[in-house]
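Q: First the structure, which I've put down as structure tokens, then a few questions once you've had a look.
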Amino acid sequence: MKTFSLINTLAVLAPLTLSAHAIAEQTDETQDMSDPLAVYTQAGAGVTNNGLNLKIGNSYDTGNIDTMAMNIIELKGIAGDSLGLDGNDSINTVRFRNFNLDTTNGRGTQIDVNWDFNTNLGSASYSFIQALPALGPLQLYPLAGVGITITDSAVIRGDENPVGSIGYAIPSSFAVVGTYAKITLTDKIWLNYNPMYMTTINNNEYMSDRMDGLYHEVVASYQINPKQNIRLFANYANTEFNQDNNIDWRIEFNHQF
């Protein structure tokens, strides 16, 4: 599941409602945390089946009154072995995201860069997302993006040739399309279902087996107060590589500053 754990980070790109746009544009009021892409300074921590996760996000002034932006850094899979979980005690994955929102049309763009230390495999992607009008308690946010995978192709030749060689390669490019769906149950409870279809663009059978397919994310969230929430995630993939339908789960606490 290491390849899936890396690639499915695209699925964290999520919607921002148009109602939140006008509020954030004019005031410093608390943002609606049920919108996973609402722009605000934040911190979060959680536990997964691979270890602990830490997240820090900082909103910043773009210099344009019609846009909002933030950077987010995440460290994933910390101390998994010590906690009796599936991961080891090192950091499994580091992730950086830059998100920009055009408040005039509800369209967001995101640069997403990941590196998995266990597999020496990374990805970099660029995605668009569009907020659509709500249909009662349901709101949809279609997404499309492209990206590349990156691998550390270092070669260690052993004692006979200890120098070896180090290099990086781009084994594949990929495209992703899908949608995010938010269902508001109450003013404190909401659900998300985020199906994404991913396909490699170049002809690389090794990466196609690990990446091509339908990815699912199911989320249940509870708002403790306007600045704090708890969220439970389940991610799984229908790919050739994930024949056993293994599920990655995490529970996290988020705070808005």
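Following the order of the structure tokens, first chain is A, next is B, and so on, with residues numbered from 1 inside each chain and ligands from 1 in the order they appear.
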From a DSSP calculation on the backbone, collect every residue of region 24-237 of chain A in strand (DSSP E) and output the set as a PyMOL selection string.

A: chain A and resi 42-48+51-60+67-78+93-102+107-116+121-130+138-152+168-184+189-193+196-200+213-225+228-237

Q: Restricting the output to C-alpha atoms, write the selected residues as a CSV table (one decimal), in the first residue's frame.

A:
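Written file, selection-v4.csv:
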chain,number,residue,atom,x,y,z
A,42,GLN,CA,-4.3,26.1,11.2
A,43,ALA,CA,-2.6,23.3,13.0
A,44,GLY,CA,-3.6,19.6,13.2
A,45,ALA,CA,-2.4,16.3,14.7
A,46,GLY,CA,-3.7,12.8,14.3
A,47,VAL,CA,-3.0,9.1,14.4
A,48,THR,CA,-3.1,6.6,11.5
A,51,GLY,CA,1.9,6.3,12.9
A,52,LEU,CA,1.3,10.0,14.0
A,53,ASN,CA,0.6,12.9,11.6
A,54,LEU,CA,1.4,16.6,12.2
A,55,LYS,CA,0.1,19.5,10.0
A,56,ILE,CA,0.8,23.2,10.0
A,57,GLY,CA,-0.9,25.6,7.6
A,58,ASN,CA,-0.4,29.3,7.1
A,59,SER,CA,-2.6,31.7,5.1
A,60,TYR,CA,-0.9,34.7,3.5
A,67,THR,CA,-7.6,35.8,-4.3
A,68,MET,CA,-6.7,33.9,-1.1
A,69,ALA,CA,-3.8,31.5,-0.5
A,70,MET,CA,-2.2,29.3,2.0
A,71,ASN,CA,0.8,26.9,2.4
A,72,ILE,CA,0.5,23.6,4.3
A,73,ILE,CA,3.3,21.3,5.5
A,74,GLU,CA,2.5,17.8,6.8
A,75,LEU,CA,4.7,15.1,8.4
A,76,LYS,CA,3.2,11.6,8.3
A,77,GLY,CA,3.8,8.2,9.9
A,78,ILE,CA,5.8,9.2,12.9
A,93,THR,CA,6.1,10.9,4.2
A,94,VAL,CA,6.5,14.7,4.0
A,95,ARG,CA,4.0,16.8,2.0
A,96,PHE,CA,3.9,20.4,0.9
A,97,ARG,CA,0.9,22.1,-0.6
A,98,ASN,CA,0.2,25.6,-2.0
A,99,PHE,CA,-3.4,26.4,-2.5
A,100,ASN,CA,-4.8,29.5,-4.3
A,101,LEU,CA,-8.5,30.5,-4.5
A,102,ASP,CA,-10.1,33.0,-6.9
A,107,ARG,CA,-12.2,28.2,-8.5
A,108,GLY,CA,-9.1,26.9,-6.7
A,109,THR,CA,-5.7,25.7,-7.9
A,110,GLN,CA,-3.2,23.6,-5.9
A,111,ILE,CA,0.4,22.6,-6.2
A,112,ASP,CA,1.0,19.3,-4.3
A,113,VAL,CA,4.5,17.8,-3.6
A,114,ASN,CA,5.0,14.6,-1.7
A,115,TRP,CA,8.0,12.4,-0.8
A,116,ASP,CA,7.8,8.9,0.7
A,121,LEU,CA,9.1,7.7,-4.4
A,122,GLY,CA,7.6,11.1,-4.7
A,123,SER,CA,5.0,13.0,-6.8
A,124,ALA,CA,4.3,16.6,-7.9
A,125,SER,CA,0.9,17.6,-9.3
A,126,TYR,CA,-1.1,20.6,-10.3
A,127,SER,CA,-4.9,20.6,-10.0
A,128,PHE,CA,-8.0,22.7,-10.6
A,129,ILE,CA,-11.2,22.5,-8.6
A,130,GLN,CA,-14.5,24.3,-9.1
A,138,LEU,CA,-25.3,18.2,-1.0
A,139,GLN,CA,-22.4,20.2,-2.6
A,140,LEU,CA,-20.1,18.9,-5.4
A,141,TYR,CA,-16.7,20.1,-6.4
A,142,PRO,CA,-15.3,18.6,-9.6
A,143,LEU,CA,-11.6,18.3,-9.9
A,144,ALA,CA,-9.0,17.7,-12.7
A,145,GLY,CA,-5.2,17.6,-12.5
A,146,VAL,CA,-2.0,16.3,-13.9
A,147,GLY,CA,1.3,15.3,-12.3
A,148,ILE,CA,4.5,13.3,-12.4
A,149,THR,CA,6.1,10.7,-10.1
A,150,ILE,CA,9.7,11.0,-9.1
A,151,THR,CA,12.0,8.2,-7.9
A,152,ASP,CA,15.4,8.2,-6.3
A,168,TYR,CA,16.6,10.7,-9.9
A,169,ALA,CA,14.1,9.6,-12.6
A,170,ILE,CA,10.6,10.4,-13.6
A,171,PRO,CA,9.0,7.0,-14.2
A,172,SER,CA,5.5,8.2,-15.1
A,173,SER,CA,3.2,11.1,-15.6
A,174,PHE,CA,-0.5,10.9,-14.6
A,175,ALA,CA,-3.9,12.5,-14.9
A,176,VAL,CA,-6.7,12.6,-12.3
A,177,VAL,CA,-10.4,13.5,-12.5
A,178,GLY,CA,-13.1,13.2,-9.9
A,179,THR,CA,-15.3,15.1,-7.6
A,180,TYR,CA,-15.6,16.0,-3.9
A,181,ALA,CA,-19.0,15.6,-2.3
A,182,LYS,CA,-20.0,17.2,1.0
A,183,ILE,CA,-23.2,16.2,2.8
A,184,THR,CA,-24.3,18.5,5.7
A,189,ILE,CA,-21.8,16.9,11.6
A,190,TRP,CA,-20.9,16.5,7.9
A,191,LEU,CA,-19.8,13.7,5.6
A,192,ASN,CA,-17.5,13.7,2.6
A,193,TYR,CA,-17.2,11.1,-0.2
A,196,MET,CA,-11.0,10.0,-8.0
A,197,TYR,CA,-10.0,8.2,-11.1
A,198,MET,CA,-6.3,8.2,-11.9
A,199,THR,CA,-4.5,7.0,-15.0
A,200,THR,CA,-0.9,7.1,-16.1
A,213,GLY,CA,-7.8,2.9,-11.0
A,214,LEU,CA,-10.5,4.4,-8.8
A,215,TYR,CA,-9.6,5.9,-5.5
A,216,HIS,CA,-12.1,6.4,-2.6
A,217,GLU,CA,-12.0,8.7,0.4
A,218,VAL,CA,-14.8,8.6,3.0
A,219,VAL,CA,-14.8,11.2,5.8
A,220,ALA,CA,-17.0,11.8,8.9
A,221,SER,CA,-16.5,15.1,10.7
A,222,TYR,CA,-17.7,16.6,14.0
A,223,GLN,CA,-17.3,20.3,14.9
A,224,ILE,CA,-16.4,20.7,18.5
A,225,ASN,CA,-16.6,24.5,18.2
A,228,GLN,CA,-11.9,23.0,16.3
A,229,ASN,CA,-13.1,19.7,14.8
A,230,ILE,CA,-12.4,16.0,14.8
A,231,ARG,CA,-12.3,14.0,11.5
A,232,LEU,CA,-12.2,10.3,10.7
A,233,PHE,CA,-10.8,9.3,7.3
A,234,ALA,CA,-10.9,6.0,5.4
A,235,ASN,CA,-9.0,5.7,2.1
A,236,TYR,CA,-8.8,2.7,-0.3
A,237,ALA,CA,-8.1,2.0,-3.9

Q: Run DSSP on the backbone and give me the residues of region 42-226 of chain A it puts in helix (DSSP H, G or I), as a PyMOL selection string.

A: chain A and resi 205-211

Q: Write the selection just made, keeping all heavy atoms, as an mmCIF file, in the first residue's frame?

A:
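As written to disk, part_24.cif reads:
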data_model
loop_
_atom_site.group_PDB
_atom_site.id
_atom_site.type_symbol
_atom_site.label_atom_id
_atom_site.label_comp_id
_atom_site.auth_asym_id
_atom_site.auth_seq_id
_atom_site.Cartn_x
_atom_site.Cartn_y
_atom_site.Cartn_z
ATOM 1 N N GLU A 205 4.202 0.131 -17.554
ATOM 2 C CA GLU A 205 3.339 -0.900 -16.973
ATOM 3 C C GLU A 205 3.524 -1.023 -15.467
ATOM 4 O O GLU A 205 2.556 -1.237 -14.729
ATOM 5 C CB GLU A 205 3.633 -2.239 -17.647
ATOM 6 C CG GLU A 205 2.725 -3.366 -17.180
ATOM 7 C CD GLU A 205 2.977 -4.665 -17.934
ATOM 8 O OE1 GLU A 205 3.759 -4.630 -18.912
ATOM 9 O OE2 GLU A 205 2.405 -5.692 -17.545
ATOM 10 N N TYR A 206 4.760 -0.859 -14.998
ATOM 11 C CA TYR A 206 5.035 -0.972 -13.568
ATOM 12 C C TYR A 206 4.239 0.066 -12.783
ATOM 13 O O TYR A 206 3.574 -0.247 -11.794
ATOM 14 C CB TYR A 206 6.536 -0.804 -13.316
ATOM 15 C CG TYR A 206 6.928 -0.839 -11.863
ATOM 16 C CD1 TYR A 206 7.138 -2.049 -11.200
ATOM 17 C CD2 TYR A 206 7.087 0.344 -11.133
ATOM 18 C CE1 TYR A 206 7.494 -2.086 -9.858
ATOM 19 C CE2 TYR A 206 7.444 0.322 -9.796
ATOM 20 C CZ TYR A 206 7.646 -0.891 -9.172
ATOM 21 O OH TYR A 206 7.998 -0.917 -7.838
ATOM 22 N N MET A 207 4.299 1.331 -13.224
ATOM 23 C CA MET A 207 3.574 2.373 -12.522
ATOM 24 C C MET A 207 2.076 2.288 -12.771
ATOM 25 O O MET A 207 1.274 2.599 -11.884
ATOM 26 C CB MET A 207 4.104 3.748 -12.929
ATOM 27 C CG MET A 207 5.538 4.016 -12.507
ATOM 28 S SD MET A 207 5.826 3.837 -10.727
ATOM 29 C CE MET A 207 4.766 5.102 -10.063
ATOM 30 N N SER A 208 1.683 1.851 -13.958
ATOM 31 C CA SER A 208 0.250 1.722 -14.255
ATOM 32 C C SER A 208 -0.423 0.738 -13.314
ATOM 33 O O SER A 208 -1.547 0.968 -12.842
ATOM 34 C CB SER A 208 0.047 1.288 -15.708
ATOM 35 O OG SER A 208 0.491 2.282 -16.601
ATOM 36 N N ASP A 209 0.254 -0.384 -13.017
ATOM 37 C CA ASP A 209 -0.317 -1.377 -12.103
ATOM 38 C C ASP A 209 -0.532 -0.793 -10.719
ATOM 39 O O ASP A 209 -1.430 -1.211 -9.990
ATOM 40 C CB ASP A 209 0.587 -2.602 -12.015
ATOM 41 C CG ASP A 209 0.531 -3.458 -13.269
ATOM 42 O OD1 ASP A 209 -0.391 -3.275 -14.084
ATOM 43 O OD2 ASP A 209 1.435 -4.310 -13.440
ATOM 44 N N ARG A 210 0.301 0.138 -10.311
ATOM 45 C CA ARG A 210 0.235 0.698 -8.970
ATOM 46 C C ARG A 210 -0.643 1.943 -8.872
ATOM 47 O O ARG A 210 -1.105 2.289 -7.791
ATOM 48 C CB ARG A 210 1.653 1.028 -8.483
ATOM 49 C CG ARG A 210 2.414 -0.222 -8.069
ATOM 50 C CD ARG A 210 3.908 -0.080 -8.167
ATOM 51 N NE ARG A 210 4.550 -1.291 -7.667
ATOM 52 C CZ ARG A 210 4.600 -2.434 -8.342
ATOM 53 N NH1 ARG A 210 4.053 -2.524 -9.548
ATOM 54 N NH2 ARG A 210 5.176 -3.494 -7.822
ATOM 55 N N MET A 211 -0.874 2.612 -9.996
ATOM 56 C CA MET A 211 -1.582 3.887 -9.952
ATOM 57 C C MET A 211 -2.952 3.865 -10.603
ATOM 58 O O MET A 211 -3.877 4.501 -10.095
ATOM 59 C CB MET A 211 -0.728 4.965 -10.634
ATOM 60 C CG MET A 211 0.565 5.278 -9.918
ATOM 61 S SD MET A 211 1.608 6.434 -10.854
ATOM 62 C CE MET A 211 0.520 7.861 -10.936
#

Q: Can you work out the spacing between CA of Gly87 (chain A) and CA of Asn118 (chain A) in Å, to one decimal?

A: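 So the two atoms, CA of Gly87 (chain A) and CA of Asn118 (chain A), lie 9.5 Å apart.
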
Q: Distance CA of Ser82 (chain A)-CA of Thr119 (chain A), one decimal place?

A: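 Answer for the CA of Ser82 (chain A) to CA of Thr119 (chain A) separation: 20.3 Å.
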
Q: Rounded to one decimal, what separation in Å do you get between CA of Asn88 (chain A) and CA of Asn254 (chain A)?

A: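 If I compute the distance from CA of Asn88 (chain A) to CA of Asn254 (chain A), I get 24.2 Å.
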
Q: Give the answer as one residue: which of A:Glu240, A:Arg250, A:Pro226, A:Gly136 has the shortest atom-to-atom distance to Met33 (chain A), using only C-alpha atoms?

A: A:Pro226

Q: Between A:Gly167, A:Asn92, A:Pro137, A:Asn202, which has the minimum distance to Thr186 (chain A) (counting only C-alpha atoms)?

A: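 Comparing A:Gly167, A:Asn92, A:Pro137, A:Asn202 against Thr186 (chain A), the winner is A:Pro137.
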